[in-house]
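Only one structure is covered here, and it is reproduced in the block below.
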Protein chains: 2
Amino acid sequence: MENILKTQAVAKPEVINMLKQKGISPTQQRVEIAQILFSKPQHLSADQVMGIVNNGEQRVSKATVYNTLGLFANKGLVREVIVDPTKIFYDSNIQSHHHFYNVDSGELTDIHAHTVQLNSYPELPEGTEADGVDIVVRLRNKKD
Amino acid sequence: MENILKTQAVAKPEVINMLKQKGISPTQQRVEIAQILFSKPQHLSADQVMGIVNNGEQRVSKATVYNTLGLFANKGLVREVIVDPTKIFYDSNIQSHHHFYNVDSGELTDIHAHTVQLNSYPELPEGTEADGVDIVVRLRNKKD
DNA sequence: ACAGCAGTTTAGACAAAGTCTATATTAATG
DNA sequence: CATTAATATAGACTTTGTCTAAACTGCTGT
Ligand SMILES: [Mn+2]
Ligand SMILES: [Mn+2]
Ligand SMILES: [Zn+2]
Ligand SMILES: [Zn+2]
């Protein structure tokens with residue numbers, strides 16, 4: 001569990017509203033986690049969220065962190081980003097956008113949606129519908 | 001370890017050449033695994049490769065399967081596809097192409113490179129170079 | 001107030017993918 | 001054939017995540 005400083009949290013009533021809007025009852029733990037996530041656009045692993053939330057006094061169990069992140073992802077409050085084979089990143093920005101992934105550093109950064117444009121679109125297999133398009137530009141550090 | 005039927009393997013001398021071409025010494029185990037991988041364009045997990053290779057008489061250890069797939073990926077013989085948070089898929093097709101990922105079934109299928117076109121390209125962060133672009137269209141089964 | 005109840009949280013056991021280490025085996029070299 | 005370098009192996013270990021059964025929380029109706 002990484003030890004990351006808790007940054008400027010977002011106002012409690014605001015996140016409570018966000019949760020209610022999505023039909024999620026705003027429990028202590030969910031609000032805590034939402035305040036961390038939505039303090040800014042960012043990409044956090046479950047482990048990182050765990051580290052931040054348990055930095056202060058309030059303890060939240062591992063199961064609850066995973067449950068909550070899963071719930072938020074399901075309800076569309078956060079977006080799961082799959083680029084690192086060892087863990088999921090939860091993206092607090094649900095606006096359509098894409099990612100750079102630096103395979104050397106593990107760093108994940110945003111590509112604004114308008115920066116990239118798909119100009120043709122593949123035909124979907126029978127009986128399926130698109131759930132989203134993920135574009136990842138893998139980066140390596142230039143070594144010279 | 002899944003139990004998958006060993007399909008038509010590719011000729012041994014052919015894969016031995018492929019390995020040599022990339023500076024890989026063609027050991028028994030590596031050749032076995034290469035024959036499975038390159039029998040056709042496909043996406044296999046380490047576990048699946050393990051299941052196929054150990055279906056017959058010849059036993060190959062878990063460590064060797066993982067070492068070999070990692071080596072092949074490093075040398076550019078196969079391509080790692082990261083779409084499922086629980087495992088890596090090894091793609092025996094290294095031609096530039098993209099993927100559909102059915103989140104309901106876990107099925108991974110190809111999108112031919114020409115079917116999709118990026119018409120603008122983001123500026124890379126300082127000190128980095130692009131290693132590749134992965135486009136994944138997530139699919140769900142239409143339920144109606 | 002308070003019993004009852006659904007929803008939530010929790011500790012800790014468990015599972016799956018993958019890595020690591022120390023040893024054994026194999027292959028190449030002189 | 002003897003020596004050495006490269007590989008392969010078993011199995012312990014790590015990490016991320018899931019599951020289960022028990023405890024807790026906060027309402028609801030009386
Ligand atoms: Mn993994
Ligand atoms: Mn995982
Ligand atoms: Zn993002
Ligand atoms: Zn493919």
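Chain labels A, B, ... are given in the sequence in which chains occur in the structure tokens; within each chain residues are numbered consecutively from 1, and ligands are likewise numbered from 1 in the order shown.
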
Quiz prompt | Shell of 6 Å around ligand 4 (only C-alpha atoms (C1' of nucleotides) and all ligand atoms), written as a ChimeraX atom specification | solution = /B:91,93,110

Quiz prompt | Neighbours of chain D in chain A at 12 Å, counting only C-alpha atoms (C1' of nucleotides), as a ChimeraX atom specification | solution = /A:1,25,27-28,45-47,62-67,70,84-88

Quiz item: Could you pull the residues within 10 Å of Gly106 (chain A), counting only C-alpha atoms (C1' of nucleotides), minus those fewer than 6 positions along the same chain, as a PyMOL selection string?
Solution: chain A and resi 83-84+100+139-140

Quiz item: chain C residues within 12 Å of chain A, counting only C-alpha atoms (C1' of nucleotides): which ones, as a PyMOL selection string?
Solution: chain C and resi 7-12+16-19

Limited to N, CA, C and O atoms (P, O5', C5', C4', C3', O3' and C1' of nucleotides), could you put the picked residues into a file as a compact mmCIF listing (two decimals), in the first residue's frame?
# COMPACT_ATOMS: atom_id res chain seq x y z
P DG C 7 -31.49 -4.32 -0.13
O5' DG C 7 -30.25 -3.48 0.41
C5' DG C 7 -30.48 -2.15 0.88
C4' DG C 7 -29.18 -1.61 1.41
C3' DG C 7 -27.98 -1.87 0.51
O3' DG C 7 -27.27 -0.65 0.44
C1' DG C 7 -27.54 -2.70 2.68
P DT C 8 -25.95 -0.48 -0.40
O5' DT C 8 -24.83 -0.70 0.71
C5' DT C 8 -24.78 0.21 1.79
C4' DT C 8 -23.69 -0.20 2.75
C3' DT C 8 -22.31 -0.38 2.13
O3' DT C 8 -21.50 0.64 2.66
C1' DT C 8 -22.83 -2.09 3.71
P DT C 9 -19.95 0.72 2.32
O5' DT C 9 -19.30 -0.13 3.50
C5' DT C 9 -19.42 0.34 4.84
C4' DT C 9 -18.67 -0.61 5.75
C3' DT C 9 -17.21 -0.84 5.38
O3' DT C 9 -16.42 -0.48 6.51
C1' DT C 9 -18.33 -2.91 5.75
P DT C 10 -14.83 -0.48 6.42
O5' DT C 10 -14.51 -1.94 6.93
C5' DT C 10 -14.94 -2.33 8.24
C4' DT C 10 -14.59 -3.79 8.50
C3' DT C 10 -13.21 -4.18 8.00
O3' DT C 10 -12.36 -4.31 9.13
C1' DT C 10 -14.86 -5.83 7.46
P DA C 11 -10.81 -4.39 8.99
O5' DA C 11 -10.61 -5.96 9.24
C5' DA C 11 -11.13 -6.56 10.41
C4' DA C 11 -10.93 -8.07 10.34
C3' DA C 11 -9.51 -8.53 10.00
O3' DA C 11 -9.16 -9.58 10.88
C1' DA C 11 -11.05 -9.36 8.37
P DG C 12 -7.68 -10.19 10.90
O5' DG C 12 -7.82 -11.40 9.88
C5' DG C 12 -8.89 -12.30 10.04
C4' DG C 12 -9.03 -13.15 8.80
C3' DG C 12 -7.69 -13.62 8.20
O3' DG C 12 -7.86 -14.95 7.78
C1' DG C 12 -8.96 -12.62 6.56
P DA C 16 -8.27 -20.15 -9.43
O5' DA C 16 -7.46 -19.01 -10.18
C5' DA C 16 -8.03 -17.72 -10.29
C4' DA C 16 -7.05 -16.83 -10.99
C3' DA C 16 -6.15 -17.58 -11.96
O3' DA C 16 -6.01 -16.79 -13.12
C1' DA C 16 -4.84 -16.52 -10.30
P DA C 17 -5.00 -17.32 -14.33
O5' DA C 17 -3.83 -16.24 -14.21
C5' DA C 17 -4.18 -14.87 -14.34
C4' DA C 17 -2.95 -14.05 -14.16
C3' DA C 17 -1.81 -14.46 -15.09
O3' DA C 17 -1.26 -13.27 -15.64
C1' DA C 17 -1.09 -14.54 -12.83
P DG C 18 -0.16 -13.40 -16.80
O5' DG C 18 1.17 -13.31 -15.94
C5' DG C 18 1.35 -12.14 -15.14
C4' DG C 18 2.46 -12.38 -14.16
C3' DG C 18 3.79 -12.78 -14.78
O3' DG C 18 4.66 -11.68 -14.61
C1' DG C 18 3.35 -13.93 -12.75
P DT C 19 6.20 -11.71 -15.03
O5' DT C 19 6.96 -11.97 -13.65
C5' DT C 19 6.73 -11.06 -12.59
C4' DT C 19 7.60 -11.45 -11.43
C3' DT C 19 9.08 -11.60 -11.76
O3' DT C 19 9.78 -10.91 -10.74
C1' DT C 19 8.31 -13.55 -10.70

Exercise answer, chain A residues close to chain B, 9 Å and only C-alpha atoms, as a PDB file with C-alpha atoms, in the first residue's frame:
ATOM      1  CA  ILE A  82      -6.230  -1.241 -18.800  1.00  0.00           C
ATOM      2  CA  VAL A  83      -2.658  -0.616 -19.914  1.00  0.00           C
ATOM      3  CA  ASP A  84      -0.491  -2.060 -17.182  1.00  0.00           C
ATOM      4  CA  PRO A  85      -0.706  -5.850 -17.027  1.00  0.00           C
ATOM      5  CA  THR A  86      -0.393  -5.801 -13.246  1.00  0.00           C
ATOM      6  CA  LYS A  87      -3.138  -3.421 -12.197  1.00  0.00           C
ATOM      7  CA  ILE A  88      -6.152  -1.381 -13.204  1.00  0.00           C
ATOM      8  CA  PHE A 100       0.009   7.857 -23.411  1.00  0.00           C
ATOM      9  CA  ASN A 102       5.228   5.198 -20.754  1.00  0.00           C
ATOM     10  CA  VAL A 103       6.313   1.588 -20.489  1.00  0.00           C
ATOM     11  CA  ILE A 111      -4.310  12.659 -24.788  1.00  0.00           C
ATOM     12  CA  HIS A 112      -7.120  15.106 -25.400  1.00  0.00           C
ATOM     13  CA  HIS A 114      -9.628  16.090 -30.275  1.00  0.00           C
ATOM     14  CA  THR A 115      -5.879  15.506 -30.702  1.00  0.00           C
ATOM     15  CA  VAL A 116      -6.585  12.155 -32.273  1.00  0.00           C
ATOM     16  CA  GLN A 117      -9.227  11.304 -34.820  1.00  0.00           C
ATOM     17  CA  LEU A 118     -10.419   7.976 -36.077  1.00  0.00           C
ATOM     18  CA  ASN A 119     -11.455   8.597 -39.662  1.00  0.00           C
ATOM     19  CA  SER A 120     -12.740   5.160 -40.445  1.00  0.00           C
ATOM     20  CA  TYR A 121     -14.539   2.744 -38.244  1.00  0.00           C
ATOM     21  CA  PRO A 122     -14.546  -1.059 -38.403  1.00  0.00           C
ATOM     22  CA  GLU A 123     -17.704  -3.055 -38.844  1.00  0.00           C
ATOM     23  CA  LEU A 124     -18.732  -4.635 -35.546  1.00  0.00           C
ATOM     24  CA  PRO A 125     -19.195  -8.407 -35.228  1.00  0.00           C
ATOM     25  CA  GLU A 126     -22.787  -9.676 -35.393  1.00  0.00           C
ATOM     26  CA  GLY A 127     -24.771  -9.277 -32.178  1.00  0.00           C
ATOM     27  CA  THR A 128     -22.402  -6.886 -30.497  1.00  0.00           C
ATOM     28  CA  GLU A 129     -22.387  -3.175 -29.794  1.00  0.00           C
ATOM     29  CA  ALA A 130     -19.426  -0.908 -29.130  1.00  0.00           C
ATOM     30  CA  ASP A 131     -18.828  -0.030 -25.518  1.00  0.00           C
ATOM     31  CA  GLY A 132     -15.989   2.373 -26.197  1.00  0.00           C
ATOM     32  CA  VAL A 133     -12.728   2.869 -28.050  1.00  0.00           C
ATOM     33  CA  ASP A 134      -9.441   2.943 -26.180  1.00  0.00           C
ATOM     34  CA  ILE A 135      -6.423   4.369 -27.900  1.00  0.00           C
ATOM     35  CA  VAL A 136      -3.109   3.936 -26.135  1.00  0.00           C
ATOM     36  CA  VAL A 137       0.143   5.338 -27.475  1.00  0.00           C
ATOM     37  CA  ARG A 138       2.910   3.352 -25.849  1.00  0.00           C
ATOM     38  CA  LEU A 139       6.015   5.447 -25.140  1.00  0.00           C
ATOM     39  CA  ARG A 140       9.589   4.647 -24.281  1.00  0.00           C
ATOM     40  CA  ASN A 141      12.181   7.035 -22.914  1.00  0.00           C
ATOM     41  CA  LYS A 142      14.554   8.206 -25.627  1.00  0.00           C
ATOM     42  CA  LYS A 143      17.994   6.906 -24.743  1.00  0.00           C
TER      43      LYS A 143
END

Quiz prompt | Gap from CA of Gln48 (chain A) to CA of Ile36 (chain A) - Å, one decimal | solution = 10.4 Å

Spatial neighbours of region 19-21 of chain B, max dist 9 Å, only C-alpha atoms (C1' of nucleotides), sep filter under 4 positions, as a compact mmCIF listing (two decimals) with N, CA, C and O atoms, in the first residue's frame:
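Here's the written file result_38.txt:
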# COMPACT_ATOMS: atom_id res chain seq x y z
N GLU B 14 11.15 -24.51 -40.04
CA GLU B 14 10.68 -23.15 -40.30
C GLU B 14 10.78 -22.29 -39.04
O GLU B 14 11.33 -21.17 -39.07
N VAL B 15 10.26 -22.79 -37.91
CA VAL B 15 10.32 -22.00 -36.68
C VAL B 15 11.76 -21.88 -36.18
O VAL B 15 12.15 -20.84 -35.65
N SER B 25 18.50 -18.87 -29.50
CA SER B 25 18.90 -20.26 -29.74
C SER B 25 17.69 -21.17 -29.62
O SER B 25 16.92 -21.10 -28.66
N PRO B 26 17.52 -22.00 -30.63
CA PRO B 26 16.30 -22.80 -30.75
C PRO B 26 16.35 -24.05 -29.89
O PRO B 26 16.63 -25.14 -30.40
N ARG B 30 11.68 -23.95 -26.63
CA ARG B 30 11.32 -22.76 -27.41
C ARG B 30 10.71 -23.15 -28.75
O ARG B 30 9.76 -22.51 -29.23
N VAL B 31 11.24 -24.19 -29.34
CA VAL B 31 10.71 -24.64 -30.63
C VAL B 31 9.29 -25.17 -30.45
O VAL B 31 8.39 -24.82 -31.22
N ALA B 34 7.08 -22.18 -30.02
CA ALA B 34 6.97 -21.43 -31.27
C ALA B 34 6.07 -22.15 -32.26
O ALA B 34 5.27 -21.52 -32.97
N PHE B 72 10.22 -14.01 -26.47
CA PHE B 72 9.65 -13.82 -27.80
C PHE B 72 9.08 -12.40 -27.96
O PHE B 72 9.26 -11.76 -29.00
N LEU B 77 9.00 -11.31 -31.74
CA LEU B 77 8.39 -12.45 -32.45
C LEU B 77 6.90 -12.51 -32.22
O LEU B 77 6.14 -12.99 -33.06

Quiz item: Taking the backbone alone, and naming residues the way the document does, which bits of region 34-73 of chain B are helix (DSSP H, G or I) by DSSP, as a PyMOL selection string?
Solution: chain B and resi 34-37+46-53+62-73

Output file for the selection above: N, CA, C and O atoms, as a compact mmCIF listing (two decimals), in the first residue's frame:
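Heads up, here's the output in selection_2.txt:
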# COMPACT_ATOMS: atom_id res chain seq x y z
N ALA B 34 7.08 -22.18 -30.02
CA ALA B 34 6.97 -21.43 -31.27
C ALA B 34 6.07 -22.15 -32.26
O ALA B 34 5.27 -21.52 -32.97
N GLN B 35 6.18 -23.47 -32.31
CA GLN B 35 5.34 -24.23 -33.25
C GLN B 35 3.86 -24.03 -32.92
O GLN B 35 3.04 -23.92 -33.83
N ILE B 36 3.56 -24.01 -31.64
CA ILE B 36 2.16 -23.76 -31.24
C ILE B 36 1.73 -22.35 -31.64
O ILE B 36 0.72 -22.17 -32.33
N LEU B 37 2.52 -21.38 -31.22
CA LEU B 37 2.15 -19.98 -31.48
C LEU B 37 1.94 -19.71 -32.96
O LEU B 37 0.96 -19.08 -33.36
N ALA B 46 -0.52 -17.14 -21.48
CA ALA B 46 0.54 -18.04 -21.03
C ALA B 46 -0.05 -19.37 -20.59
O ALA B 46 0.47 -20.44 -20.92
N ASP B 47 -1.14 -19.28 -19.88
CA ASP B 47 -1.82 -20.47 -19.38
C ASP B 47 -2.30 -21.37 -20.51
O ASP B 47 -2.21 -22.60 -20.43
N GLN B 48 -2.80 -20.75 -21.55
CA GLN B 48 -3.26 -21.54 -22.70
C GLN B 48 -2.09 -22.21 -23.40
O GLN B 48 -2.17 -23.39 -23.78
N VAL B 49 -1.01 -21.47 -23.59
CA VAL B 49 0.19 -22.06 -24.21
C VAL B 49 0.65 -23.26 -23.39
O VAL B 49 0.95 -24.33 -23.91
N MET B 50 0.69 -23.06 -22.08
CA MET B 50 1.06 -24.10 -21.13
C MET B 50 0.19 -25.34 -21.33
O MET B 50 0.69 -26.46 -21.38
N GLY B 51 -1.11 -25.12 -21.44
CA GLY B 51 -2.05 -26.22 -21.61
C GLY B 51 -1.82 -26.99 -22.89
O GLY B 51 -1.83 -28.21 -22.91
N ILE B 52 -1.57 -26.26 -23.96
CA ILE B 52 -1.38 -26.90 -25.25
C ILE B 52 -0.06 -27.67 -25.28
O ILE B 52 -0.01 -28.83 -25.67
N VAL B 53 0.99 -27.03 -24.83
CA VAL B 53 2.31 -27.66 -24.92
C VAL B 53 2.39 -28.89 -24.02
O VAL B 53 3.07 -29.86 -24.35
N LYS B 62 6.33 -24.16 -16.02
CA LYS B 62 5.69 -22.86 -16.01
C LYS B 62 6.72 -21.76 -16.22
O LYS B 62 6.53 -20.85 -17.05
N ALA B 63 7.82 -21.84 -15.48
CA ALA B 63 8.86 -20.81 -15.59
C ALA B 63 9.33 -20.67 -17.03
O ALA B 63 9.52 -19.56 -17.53
N THR B 64 9.51 -21.80 -17.69
CA THR B 64 10.00 -21.76 -19.07
C THR B 64 8.96 -21.17 -20.02
O THR B 64 9.31 -20.40 -20.92
N VAL B 65 7.71 -21.51 -19.81
CA VAL B 65 6.66 -20.93 -20.65
C VAL B 65 6.68 -19.41 -20.51
O VAL B 65 6.71 -18.68 -21.51
N TYR B 66 6.70 -18.93 -19.29
CA TYR B 66 6.72 -17.48 -19.06
C TYR B 66 8.00 -16.86 -19.60
O TYR B 66 7.96 -15.82 -20.27
N ASN B 67 9.14 -17.48 -19.31
CA ASN B 67 10.42 -16.96 -19.83
C ASN B 67 10.39 -16.87 -21.35
O ASN B 67 10.81 -15.86 -21.93
N THR B 68 9.90 -17.91 -21.97
CA THR B 68 9.92 -17.99 -23.43
C THR B 68 8.99 -16.96 -24.05
O THR B 68 9.38 -16.24 -24.99
N LEU B 69 7.79 -16.83 -23.52
CA LEU B 69 6.87 -15.84 -24.07
C LEU B 69 7.42 -14.43 -23.88
O LEU B 69 7.35 -13.59 -24.79
N GLY B 70 8.02 -14.19 -22.71
CA GLY B 70 8.64 -12.89 -22.47
C GLY B 70 9.78 -12.63 -23.45
O GLY B 70 9.88 -11.53 -24.01
N LEU B 71 10.59 -13.64 -23.68
CA LEU B 71 11.70 -13.52 -24.63
C LEU B 71 11.20 -13.24 -26.04
O LEU B 71 11.67 -12.32 -26.72
N PHE B 72 10.22 -14.01 -26.47
CA PHE B 72 9.65 -13.82 -27.80
C PHE B 72 9.08 -12.40 -27.96
O PHE B 72 9.26 -11.76 -29.00
N ALA B 73 8.41 -11.94 -26.93
CA ALA B 73 7.82 -10.59 -26.98
C ALA B 73 8.94 -9.55 -27.09
O ALA B 73 8.87 -8.62 -27.89

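Taking region 7-81 of chain A and asking which residues DSSP calls strand (DSSP E or B) on the backbone, you get His43, Leu44, Ser45, Arg79, Glu80 and Val81 of chain A.
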
Quiz prompt | Interatomic distance, CA of Pro41 (chain A) to CA of Ile94 (chain A) (Å, one decimal) | solution = 9.0 Å

Quiz item: In terms of the shortest atom-to-atom distance over only C-alpha atoms and all ligand atoms, which of B:Pro13, B:Glu32, B:Leu44, B:Phe89 is closest to ligand 1?
Solution: B:Phe89
